[in-house]
>>> print(open('target-v4.cif').read())   # mmCIF, C-alpha atoms
data_start
#
loop_
_atom_site.label_atom_id
_atom_site.label_comp_id
_atom_site.auth_asym_id
_atom_site.auth_seq_id
_atom_site.Cartn_x
_atom_site.Cartn_y
_atom_site.Cartn_z
CA GLU A 1033 6.53 -17.80 10.52
CA ASP A 1034 4.51 -15.06 8.83
CA GLN A 1035 3.13 -16.26 5.49
CA VAL A 1036 0.98 -15.00 2.66
CA THR A 1037 -0.45 -17.47 0.14
CA GLN A 1038 -2.37 -16.54 -3.00
CA SER A 1039 -4.57 -18.74 -5.13
CA PRO A 1040 -4.99 -19.60 -7.86
CA GLU A 1041 -1.56 -19.00 -9.39
CA ALA A 1042 -3.19 -18.25 -12.73
CA LEU A 1043 -6.74 -17.57 -13.82
CA ARG A 1044 -8.19 -17.32 -17.31
CA LEU A 1045 -11.59 -15.65 -17.66
CA GLN A 1046 -13.88 -14.77 -20.50
CA GLU A 1047 -14.80 -11.11 -20.68
CA GLY A 1048 -17.78 -10.57 -18.37
CA GLU A 1049 -17.13 -13.75 -16.35
CA SER A 1050 -16.91 -12.70 -12.70
CA SER A 1051 -14.55 -14.45 -10.28
CA SER A 1052 -12.55 -14.07 -7.08
CA LEU A 1053 -8.88 -14.20 -6.15
CA ASN A 1054 -7.86 -15.44 -2.71
CA CYS A 1055 -5.16 -14.29 -0.31
CA SER A 1056 -4.77 -16.26 2.90
CA TYR A 1057 -2.38 -15.14 5.60
CA THR A 1058 -0.83 -16.50 8.77
CA VAL A 1059 0.72 -13.68 10.73
CA SER A 1060 1.43 -12.81 14.32
CA GLY A 1061 -0.63 -9.65 14.05
CA LEU A 1062 -2.03 -7.67 11.13
CA ARG A 1063 -1.71 -3.92 10.75
CA GLY A 1064 -3.02 -3.87 7.19
CA LEU A 1065 -3.58 -5.97 4.08
CA PHE A 1066 -2.77 -4.55 0.67
CA TRP A 1067 -3.72 -5.38 -2.90
CA TYR A 1068 -1.50 -4.32 -5.79
CA ARG A 1069 -1.80 -4.73 -9.53
CA GLN A 1070 1.32 -5.39 -11.61
CA ASP A 1071 1.47 -5.11 -15.40
CA PRO A 1072 4.34 -6.73 -17.34
CA GLY A 1073 7.53 -4.69 -17.20
CA LYS A 1074 6.17 -2.34 -14.54
CA GLY A 1075 6.24 -1.96 -10.79
CA PRO A 1076 3.29 -2.92 -8.60
CA GLU A 1077 0.54 -0.32 -8.49
CA PHE A 1078 -1.41 0.21 -5.28
CA LEU A 1079 -5.11 -0.72 -5.31
CA PHE A 1080 -6.47 -1.08 -1.77
CA THR A 1081 -5.62 -1.23 1.91
CA LEU A 1082 -7.86 -3.12 4.38
CA TYR A 1083 -7.29 -2.75 8.10
CA SER A 1084 -9.86 -4.87 9.94
CA ALA A 1085 -12.04 -7.93 9.44
CA GLY A 1086 -15.32 -7.09 7.77
CA GLU A 1087 -13.91 -4.13 5.88
CA GLU A 1088 -14.62 -3.80 2.15
CA LYS A 1089 -13.21 -1.46 -0.50
CA GLU A 1090 -14.32 -0.98 -4.13
CA LYS A 1091 -12.79 0.49 -7.23
CA GLU A 1092 -14.51 0.15 -10.59
CA ARG A 1093 -14.91 -3.61 -11.22
CA LEU A 1094 -12.80 -4.60 -8.21
CA LYS A 1095 -13.94 -5.22 -4.66
CA ALA A 1096 -11.66 -6.32 -1.82
CA THR A 1097 -12.88 -7.94 1.39
CA LEU A 1098 -11.09 -9.02 4.56
CA THR A 1099 -11.67 -11.68 7.20
CA LYS A 1100 -9.42 -12.72 10.09
CA LYS A 1101 -7.66 -15.30 7.92
CA GLU A 1102 -8.01 -14.23 4.31
CA SER A 1103 -8.87 -11.57 1.80
CA PHE A 1104 -10.71 -11.83 -1.49
CA LEU A 1105 -10.43 -9.67 -4.56
CA HIS A 1106 -13.69 -9.95 -6.44
CA ILE A 1107 -13.67 -9.01 -10.11
CA THR A 1108 -17.10 -8.28 -11.55
CA ALA A 1109 -17.65 -8.48 -15.32
CA PRO A 1110 -13.94 -8.21 -16.10
CA LYS A 1111 -12.58 -6.66 -19.27
CA PRO A 1112 -9.37 -7.52 -21.15
CA GLU A 1113 -7.68 -4.46 -19.64
CA ASP A 1114 -8.03 -6.07 -16.20
CA SER A 1115 -5.45 -8.64 -17.28
CA ALA A 1116 -2.47 -8.33 -14.91
CA THR A 1117 -0.83 -9.99 -11.93
CA TYR A 1118 -2.58 -9.19 -8.66
CA LEU A 1119 -0.41 -9.17 -5.55
CA CYS A 1120 -1.47 -9.35 -1.95
CA ALA A 1121 0.76 -8.12 0.89
CA VAL A 1122 0.55 -7.79 4.67
CA LEU A 1123 1.94 -5.19 7.04
CA LEU A 1124 2.62 -6.73 10.41
CA LEU A 1125 1.50 -5.40 13.76
CA ARG A 1126 4.96 -5.60 15.29
CA ASN A 1127 7.34 -2.71 14.87
CA THR A 1128 8.27 -3.02 11.21
CA ASP A 1129 7.30 -1.17 8.06
CA LYS A 1130 8.05 -3.97 5.61
CA LEU A 1131 5.35 -5.50 3.45
CA ILE A 1132 5.36 -9.30 3.03
CA PHE A 1133 4.07 -10.22 -0.41
CA GLY A 1134 2.35 -13.29 -1.77
CA THR A 1135 3.52 -14.66 -5.12
CA GLY A 1136 0.52 -13.29 -6.98
CA THR A 1137 -2.32 -14.41 -9.22
CA ARG A 1138 -1.81 -13.94 -12.93
CA LEU A 1139 -5.17 -12.99 -14.45
CA GLN A 1140 -5.92 -13.17 -18.17
CA VAL A 1141 -9.25 -11.91 -19.49
CA PHE A 1142 -10.14 -12.87 -23.05
CA PRO A 1143 -12.60 -10.96 -25.27
CA ASP B 959 5.00 14.18 -9.36
CA ALA B 960 7.47 12.02 -11.29
CA GLY B 961 7.04 9.05 -8.97
CA VAL B 962 9.87 6.81 -7.84
CA ILE B 963 12.66 6.91 -10.41
CA GLN B 964 15.01 3.99 -10.90
CA SER B 965 18.02 3.68 -13.16
CA PRO B 966 19.08 1.96 -15.24
CA ARG B 967 15.95 0.17 -16.54
CA HIS B 968 18.03 -2.71 -17.84
CA GLU B 969 21.51 -3.86 -16.94
CA VAL B 970 23.45 -6.71 -18.47
CA THR B 971 26.80 -7.46 -16.89
CA GLU B 972 29.35 -10.21 -16.70
CA MET B 973 29.80 -12.37 -13.66
CA GLY B 974 32.26 -10.82 -11.24
CA GLN B 975 31.55 -7.23 -12.23
CA GLU B 976 30.23 -4.57 -9.86
CA VAL B 977 26.67 -3.41 -10.42
CA THR B 978 25.08 -0.27 -8.98
CA LEU B 979 21.36 0.34 -9.06
CA ARG B 980 19.97 3.78 -8.30
CA CYS B 981 16.74 5.11 -6.87
CA LYS B 982 15.20 8.53 -6.35
CA PRO B 983 12.20 8.35 -4.02
CA ILE B 984 9.18 10.62 -4.10
CA SER B 985 9.97 13.95 -2.49
CA GLY B 986 8.76 14.03 1.11
CA HIS B 987 8.60 10.27 1.53
CA ASN B 988 10.71 9.24 4.51
CA SER B 989 10.79 5.45 4.00
CA LEU B 990 12.60 3.71 1.16
CA PHE B 991 12.50 0.00 0.34
CA TRP B 992 14.55 -2.23 -1.97
CA TYR B 993 12.81 -5.40 -3.21
CA ARG B 994 13.94 -8.16 -5.54
CA GLN B 995 11.43 -10.04 -7.74
CA THR B 996 12.01 -13.47 -9.27
CA MET B 997 9.61 -16.00 -10.75
CA MET B 998 10.46 -18.54 -8.07
CA ARG B 999 10.34 -16.36 -4.96
CA GLY B 1000 8.19 -13.39 -5.91
CA LEU B 1001 8.87 -10.04 -4.23
CA GLU B 1002 11.35 -10.18 -1.38
CA LEU B 1003 12.42 -7.26 0.77
CA LEU B 1004 16.18 -6.72 0.77
CA ILE B 1005 16.51 -3.66 2.97
CA TYR B 1006 14.58 -0.60 4.06
CA PHE B 1007 15.51 2.85 5.32
CA ASN B 1008 13.65 5.27 7.55
CA ASN B 1009 14.83 8.89 7.43
CA ASN B 1010 17.96 7.69 5.56
CA VAL B 1011 18.87 5.18 8.29
CA PRO B 1012 18.91 1.44 7.50
CA ILE B 1013 16.29 -0.23 9.69
CA ASP B 1014 16.07 -3.83 8.49
CA ASP B 1015 18.67 -5.44 6.21
CA SER B 1016 17.84 -9.02 7.13
CA GLY B 1017 16.83 -9.72 3.53
CA MET B 1018 20.21 -8.81 2.04
CA PRO B 1019 21.43 -12.14 0.65
CA GLU B 1020 25.09 -11.88 1.60
CA ASP B 1021 28.03 -9.56 1.93
CA ARG B 1022 28.15 -9.04 -1.81
CA PHE B 1023 25.09 -6.79 -1.47
CA SER B 1024 25.23 -3.33 0.07
CA ALA B 1025 22.85 -0.37 0.12
CA LYS B 1026 23.26 3.26 1.01
CA MET B 1027 21.04 6.27 1.39
CA PRO B 1028 23.29 9.31 1.65
CA ASN B 1029 20.40 11.77 1.60
CA ALA B 1030 16.61 11.87 1.42
CA SER B 1031 16.53 11.95 -2.38
CA PHE B 1032 18.91 9.17 -3.39
CA SER B 1033 19.70 5.55 -2.66
CA THR B 1034 21.94 2.92 -4.23
CA LEU B 1035 22.03 -0.86 -4.16
CA LYS B 1036 25.40 -2.32 -5.03
CA ILE B 1037 26.33 -5.90 -5.88
CA GLN B 1038 30.01 -6.74 -5.90
CA PRO B 1039 30.92 -9.20 -7.30
CA SER B 1040 27.79 -10.08 -9.26
CA GLU B 1041 26.77 -13.69 -9.93
CA PRO B 1042 24.27 -15.22 -12.40
CA ARG B 1043 21.88 -16.05 -9.53
CA ASP B 1044 21.54 -12.31 -8.86
CA SER B 1045 19.60 -11.98 -12.12
CA ALA B 1046 16.19 -10.56 -11.21
CA VAL B 1047 14.12 -7.39 -11.30
CA TYR B 1048 15.05 -5.00 -8.51
CA PHE B 1049 12.40 -2.57 -7.32
CA CYS B 1050 12.70 0.50 -5.21
CA ALA B 1051 9.65 1.84 -3.38
CA SER B 1052 9.02 4.81 -1.13
CA SER B 1053 6.35 5.73 1.37
CA LEU B 1054 5.24 8.55 3.64
CA ASP B 1055 3.15 6.19 5.78
CA PRO B 1056 3.47 2.42 5.16
CA ARG B 1057 -0.03 1.89 6.54
CA VAL B 1058 -1.38 3.43 3.36
CA GLY B 1059 1.01 1.59 1.03
CA TYR B 1060 4.15 2.13 -0.97
CA THR B 1061 4.77 3.64 -4.39
CA PHE B 1062 7.01 1.46 -6.53
CA GLY B 1063 9.41 2.44 -9.27
CA SER B 1064 9.46 0.72 -12.64
CA GLY B 1065 12.32 -1.54 -11.62
CA THR B 1066 15.75 -2.47 -12.94
CA ARG B 1067 16.01 -5.75 -14.81
CA LEU B 1068 19.45 -7.17 -14.03
CA THR B 1069 20.96 -9.96 -16.08
CA VAL B 1070 24.31 -11.40 -15.01
CA VAL B 1071 25.92 -13.63 -17.64
#
>>> encode(input="target-v4.cif", output="structure tokens")
Amino acid sequence: EDQVTQSPEALRLQEGESSSLNCSYTVSGLRGLFWYRQDPGKGPEFLFTLYSAGEEKEKERLKATLTKKESFLHITAPKPEDSATYLCAVLLLRNTDKLIFGTGTRLQVFP
Amino acid sequence: DAGVIQSPRHEVTEMGQEVTLRCKPISGHNSLFWYRQTMMRGLELLIYFNNNVPIDDSGMPEDRFSAKMPNASFSTLKIQPSEPRDSAVYFCASSLDPRVGYTFGSGTRLTVV
């Protein structure tokens, strides 16, 4: 069965304290791996897509990396405004357009 | 671009009543997705459409749930009769190419009492 697992469930950081969020996946074939950010009361907002192992993408303080079994979202010197839930999702290689989501990591950054 | 528009934002209804959630996708997007989000199960796909045609409805919980897409600019998700366990946030998303991601609406928070 195709599965996406995120860890940790929750993470509390001091402002400026860098860390990483993990997304491990077990799928029959990967067409793409996605990272989304979700703020309370809002829909998920697209951050990155990664398509192959070894690929990296960056946006401001965020950097996403991909291996054959997992992806990391590295947060460098986070600020309080980075506080949100970060969701990982996979698009399968087989003929489907549905994204399978993990349950997310809730990040809180304190000043 | 106004993004994906969902209505209503909040809905409180009594058990047994019919509930209709509405979605307007981004113009030009040919795929539309309905997801449900709960604390326990996260985001789960209910159904998706391609060019207004339902492609995968395997996530629809039971016959009480139905979805339609009569044209490229409108979709509905209907629950009849509603039950307390249907309480969740329902998201609609649209996409031109799923390989580059979806755009989500702001969701409808449904409470069934």
>>> residues_near_point(input="target-v4.cif", point="(-14.9, -0.7, -14.9)", cutoff="10 Å", atoms="only C-alpha atoms", output="ChimeraX atom specification")
/A:1091-1094,1107-1111,1113-1114
>>> closest_residue(input="target-v4.cif", among="A:Glu1088, A:Glu1102, A:Asp1129, A:Asp1034", to="Thr1058 of chain A", atoms="only C-alpha atoms")
A:Asp1034
>>> interface_residues(input="target-v4.cif", of="chain A", to="chain B", cutoff="10 Å", atoms="all atoms listed in the file", output="ChimeraX atom specification")
/A:1063-1068,1073-1083,1119,1121-1124,1128-1136
>>> closest_residue(input="target-v4.cif", among="A:Leu1098, A:Asp1071, A:Pro1112, A:Thr1137", to="Leu1045 of chain A", atoms="only C-alpha atoms")
A:Pro1112
>>> resolve_selection(input="target-v4.cif", expression="the PyMOL selection byres ((chain A and resi 1039) around 8)", output="list in words")
Thr1037, Gln1038, Pro1040, Glu1041, Ala1042, Leu1053, Asn1054, Cys1055, Gly1136 and Thr1137 of chain A
>>> atom_distance(input="target-v4.cif", atom1="atom CA of Glu1090 of chain A", atom2="atom CA of Gln1035 of chain A")
25.1 Å
>>> resolve_selection(input="target-v4.cif", expression="the PyMOL selection byres ((chain A and resi 1143) around 7)", output="count of residues only")
5
>>> closest_residue(input="target-v4.cif", among="B:Leu1068, B:Val977, B:Val1011, B:Leu1054", to="Leu1035 of chain B", atoms="all atoms listed in the file")
B:Val977
>>> atom_distance(input="target-v4.cif", atom1="atom CA of Ser1060 of chain A", atom2="atom CA of Thr1097 of chain A")
19.9 Å
>>> atom_distance(input="target-v4.cif", atom1="atom CA of Ser1103 of chain A", atom2="atom CA of Trp992 of chain B")
25.5 Å
>>> closest_residue(input="target-v4.cif", among="A:Leu1105, A:Ala1085, A:Leu1062, A:Val1036", to="Leu1139 of chain A", atoms="all atoms listed in the file")
A:Leu1105
>>> residues_around(input="target-v4.cif", residues="segment 1022-1028 of chain B", least_positions_apart="4", cutoff="8 Å", atoms="only C-alpha atoms", output="list in words")
Ile1005, Phe1007, Asn1010, Val1011, Met1018, Phe1032, Ser1033, Thr1034, Leu1035, Lys1036, Ile1037, Gln1038, Pro1039 and Ser1040 of chain B
>>> write_last_selection(input="target-v4.cif", atoms="C-alpha atoms", output="PDB file, in the coordinates of the input")
ATOM      1  CA  ILE B1005      16.510  -3.660   2.970  1.00  0.00           C
ATOM      2  CA  PHE B1007      15.510   2.850   5.320  1.00  0.00           C
ATOM      3  CA  ASN B1010      17.960   7.690   5.560  1.00  0.00           C
ATOM      4  CA  VAL B1011      18.870   5.180   8.290  1.00  0.00           C
ATOM      5  CA  MET B1018      20.210  -8.810   2.040  1.00  0.00           C
ATOM      6  CA  PHE B1032      18.910   9.170  -3.390  1.00  0.00           C
ATOM      7  CA  SER B1033      19.700   5.550  -2.660  1.00  0.00           C
ATOM      8  CA  THR B1034      21.940   2.920  -4.230  1.00  0.00           C
ATOM      9  CA  LEU B1035      22.030  -0.860  -4.160  1.00  0.00           C
ATOM     10  CA  LYS B1036      25.400  -2.320  -5.030  1.00  0.00           C
ATOM     11  CA  ILE B1037      26.330  -5.900  -5.880  1.00  0.00           C
ATOM     12  CA  GLN B1038      30.010  -6.740  -5.900  1.00  0.00           C
ATOM     13  CA  PRO B1039      30.920  -9.200  -7.300  1.00  0.00           C
ATOM     14  CA  SER B1040      27.790 -10.080  -9.260  1.00  0.00           C
TER      15      SER B1040
END
>>> closest_residue(input="target-v4.cif", among="A:Glu1033, A:Ser1051, A:Lys1095, A:Arg1044", to="Arg1138 of chain A", atoms="all atoms listed in the file")
A:Arg1044
>>> resolve_selection(input="target-v4.cif", expression="the PyMOL selection byres ((chain B and resi 964) around 6)", output="VMD selection string")
chain B and resid 963 965 980 to 981
>>> residues_around(input="target-v4.cif", residues="Thr1069 of chain B", least_positions_apart="6", cutoff="10 Å", atoms="all atoms listed in the file", output="ChimeraX atom specification")
/B:968-973,1040-1047
>>> build_atoms(input="target-v4.cif", residues="segment 1121-1139 of chain A", atoms="N, CA, C and O atoms", output="PDB file, in the frame of the given file")
ATOM      1  N   ALA A1121      -0.357  -8.315  -0.043  1.00  0.00           N
ATOM      2  CA  ALA A1121       0.760  -8.120   0.890  1.00  0.00           C
ATOM      3  C   ALA A1121       0.200  -7.773   2.266  1.00  0.00           C
ATOM      4  O   ALA A1121      -0.884  -7.201   2.384  1.00  0.00           O
ATOM      5  N   VAL A1122       0.973  -8.112   3.304  1.00  0.00           N
ATOM      6  CA  VAL A1122       0.550  -7.790   4.670  1.00  0.00           C
ATOM      7  C   VAL A1122       1.591  -6.915   5.344  1.00  0.00           C
ATOM      8  O   VAL A1122       2.793  -7.059   5.110  1.00  0.00           O
ATOM      9  N   LEU A1123       1.104  -6.019   6.172  1.00  0.00           N
ATOM     10  CA  LEU A1123       1.940  -5.190   7.040  1.00  0.00           C
ATOM     11  C   LEU A1123       1.689  -5.685   8.458  1.00  0.00           C
ATOM     12  O   LEU A1123       0.546  -5.732   8.909  1.00  0.00           O
ATOM     13  N   LEU A1124       2.772  -6.077   9.127  1.00  0.00           N
ATOM     14  CA  LEU A1124       2.620  -6.730  10.410  1.00  0.00           C
ATOM     15  C   LEU A1124       2.399  -5.727  11.537  1.00  0.00           C
ATOM     16  O   LEU A1124       2.796  -4.567  11.451  1.00  0.00           O
ATOM     17  N   LEU A1125       1.802  -6.238  12.614  1.00  0.00           N
ATOM     18  CA  LEU A1125       1.500  -5.400  13.760  1.00  0.00           C
ATOM     19  C   LEU A1125       2.765  -5.016  14.527  1.00  0.00           C
ATOM     20  O   LEU A1125       2.850  -3.936  15.091  1.00  0.00           O
ATOM     21  N   ARG A1126       3.746  -5.892  14.525  1.00  0.00           N
ATOM     22  CA  ARG A1126       4.960  -5.600  15.290  1.00  0.00           C
ATOM     23  C   ARG A1126       5.715  -4.458  14.613  1.00  0.00           C
ATOM     24  O   ARG A1126       5.425  -4.069  13.492  1.00  0.00           O
ATOM     25  N   ASN A1127       6.676  -3.944  15.272  1.00  0.00           N
ATOM     26  CA  ASN A1127       7.340  -2.710  14.870  1.00  0.00           C
ATOM     27  C   ASN A1127       8.217  -2.887  13.638  1.00  0.00           C
ATOM     28  O   ASN A1127       9.426  -3.024  13.716  1.00  0.00           O
ATOM     29  N   THR A1128       7.565  -2.942  12.478  1.00  0.00           N
ATOM     30  CA  THR A1128       8.270  -3.020  11.210  1.00  0.00           C
ATOM     31  C   THR A1128       7.411  -2.384  10.142  1.00  0.00           C
ATOM     32  O   THR A1128       6.182  -2.426  10.232  1.00  0.00           O
ATOM     33  N   ASP A1129       8.041  -1.787   9.151  1.00  0.00           N
ATOM     34  CA  ASP A1129       7.300  -1.170   8.060  1.00  0.00           C
ATOM     35  C   ASP A1129       7.374  -1.979   6.776  1.00  0.00           C
ATOM     36  O   ASP A1129       6.992  -1.496   5.729  1.00  0.00           O
ATOM     37  N   LYS A1130       7.896  -3.206   6.856  1.00  0.00           N
ATOM     38  CA  LYS A1130       8.050  -3.970   5.610  1.00  0.00           C
ATOM     39  C   LYS A1130       6.773  -4.713   5.263  1.00  0.00           C
ATOM     40  O   LYS A1130       6.075  -5.244   6.128  1.00  0.00           O
ATOM     41  N   LEU A1131       6.469  -4.739   3.963  1.00  0.00           N
ATOM     42  CA  LEU A1131       5.350  -5.500   3.450  1.00  0.00           C
ATOM     43  C   LEU A1131       5.847  -6.899   3.060  1.00  0.00           C
ATOM     44  O   LEU A1131       6.891  -7.031   2.427  1.00  0.00           O
ATOM     45  N   ILE A1132       5.065  -7.923   3.440  1.00  0.00           N
ATOM     46  CA  ILE A1132       5.360  -9.300   3.030  1.00  0.00           C
ATOM     47  C   ILE A1132       4.370  -9.654   1.930  1.00  0.00           C
ATOM     48  O   ILE A1132       3.151  -9.618   2.162  1.00  0.00           O
ATOM     49  N   PHE A1133       4.906  -9.988   0.761  1.00  0.00           N
ATOM     50  CA  PHE A1133       4.070 -10.220  -0.410  1.00  0.00           C
ATOM     51  C   PHE A1133       3.803 -11.698  -0.633  1.00  0.00           C
ATOM     52  O   PHE A1133       4.650 -12.556  -0.363  1.00  0.00           O
ATOM     53  N   GLY A1134       2.615 -11.993  -1.190  1.00  0.00           N
ATOM     54  CA  GLY A1134       2.350 -13.290  -1.770  1.00  0.00           C
ATOM     55  C   GLY A1134       2.965 -13.331  -3.167  1.00  0.00           C
ATOM     56  O   GLY A1134       3.481 -12.332  -3.670  1.00  0.00           O
ATOM     57  N   THR A1135       2.889 -14.506  -3.807  1.00  0.00           N
ATOM     58  CA  THR A1135       3.520 -14.660  -5.120  1.00  0.00           C
ATOM     59  C   THR A1135       2.599 -14.245  -6.272  1.00  0.00           C
ATOM     60  O   THR A1135       3.022 -14.242  -7.416  1.00  0.00           O
ATOM     61  N   GLY A1136       1.370 -13.886  -5.956  1.00  0.00           N
ATOM     62  CA  GLY A1136       0.520 -13.290  -6.980  1.00  0.00           C
ATOM     63  C   GLY A1136      -0.382 -14.263  -7.710  1.00  0.00           C
ATOM     64  O   GLY A1136      -0.163 -15.467  -7.728  1.00  0.00           O
ATOM     65  N   THR A1137      -1.428 -13.695  -8.305  1.00  0.00           N
ATOM     66  CA  THR A1137      -2.320 -14.410  -9.220  1.00  0.00           C
ATOM     67  C   THR A1137      -2.258 -13.721 -10.568  1.00  0.00           C
ATOM     68  O   THR A1137      -2.510 -12.519 -10.660  1.00  0.00           O
ATOM     69  N   ARG A1138      -1.898 -14.497 -11.585  1.00  0.00           N
ATOM     70  CA  ARG A1138      -1.810 -13.940 -12.930  1.00  0.00           C
ATOM     71  C   ARG A1138      -3.161 -14.099 -13.618  1.00  0.00           C
ATOM     72  O   ARG A1138      -3.606 -15.217 -13.886  1.00  0.00           O
ATOM     73  N   LEU A1139      -3.826 -12.990 -13.873  1.00  0.00           N
ATOM     74  CA  LEU A1139      -5.170 -12.990 -14.450  1.00  0.00           C
ATOM     75  C   LEU A1139      -5.115 -12.632 -15.935  1.00  0.00           C
ATOM     76  O   LEU A1139      -4.489 -11.648 -16.315  1.00  0.00           O
TER      77      LEU A1139
END
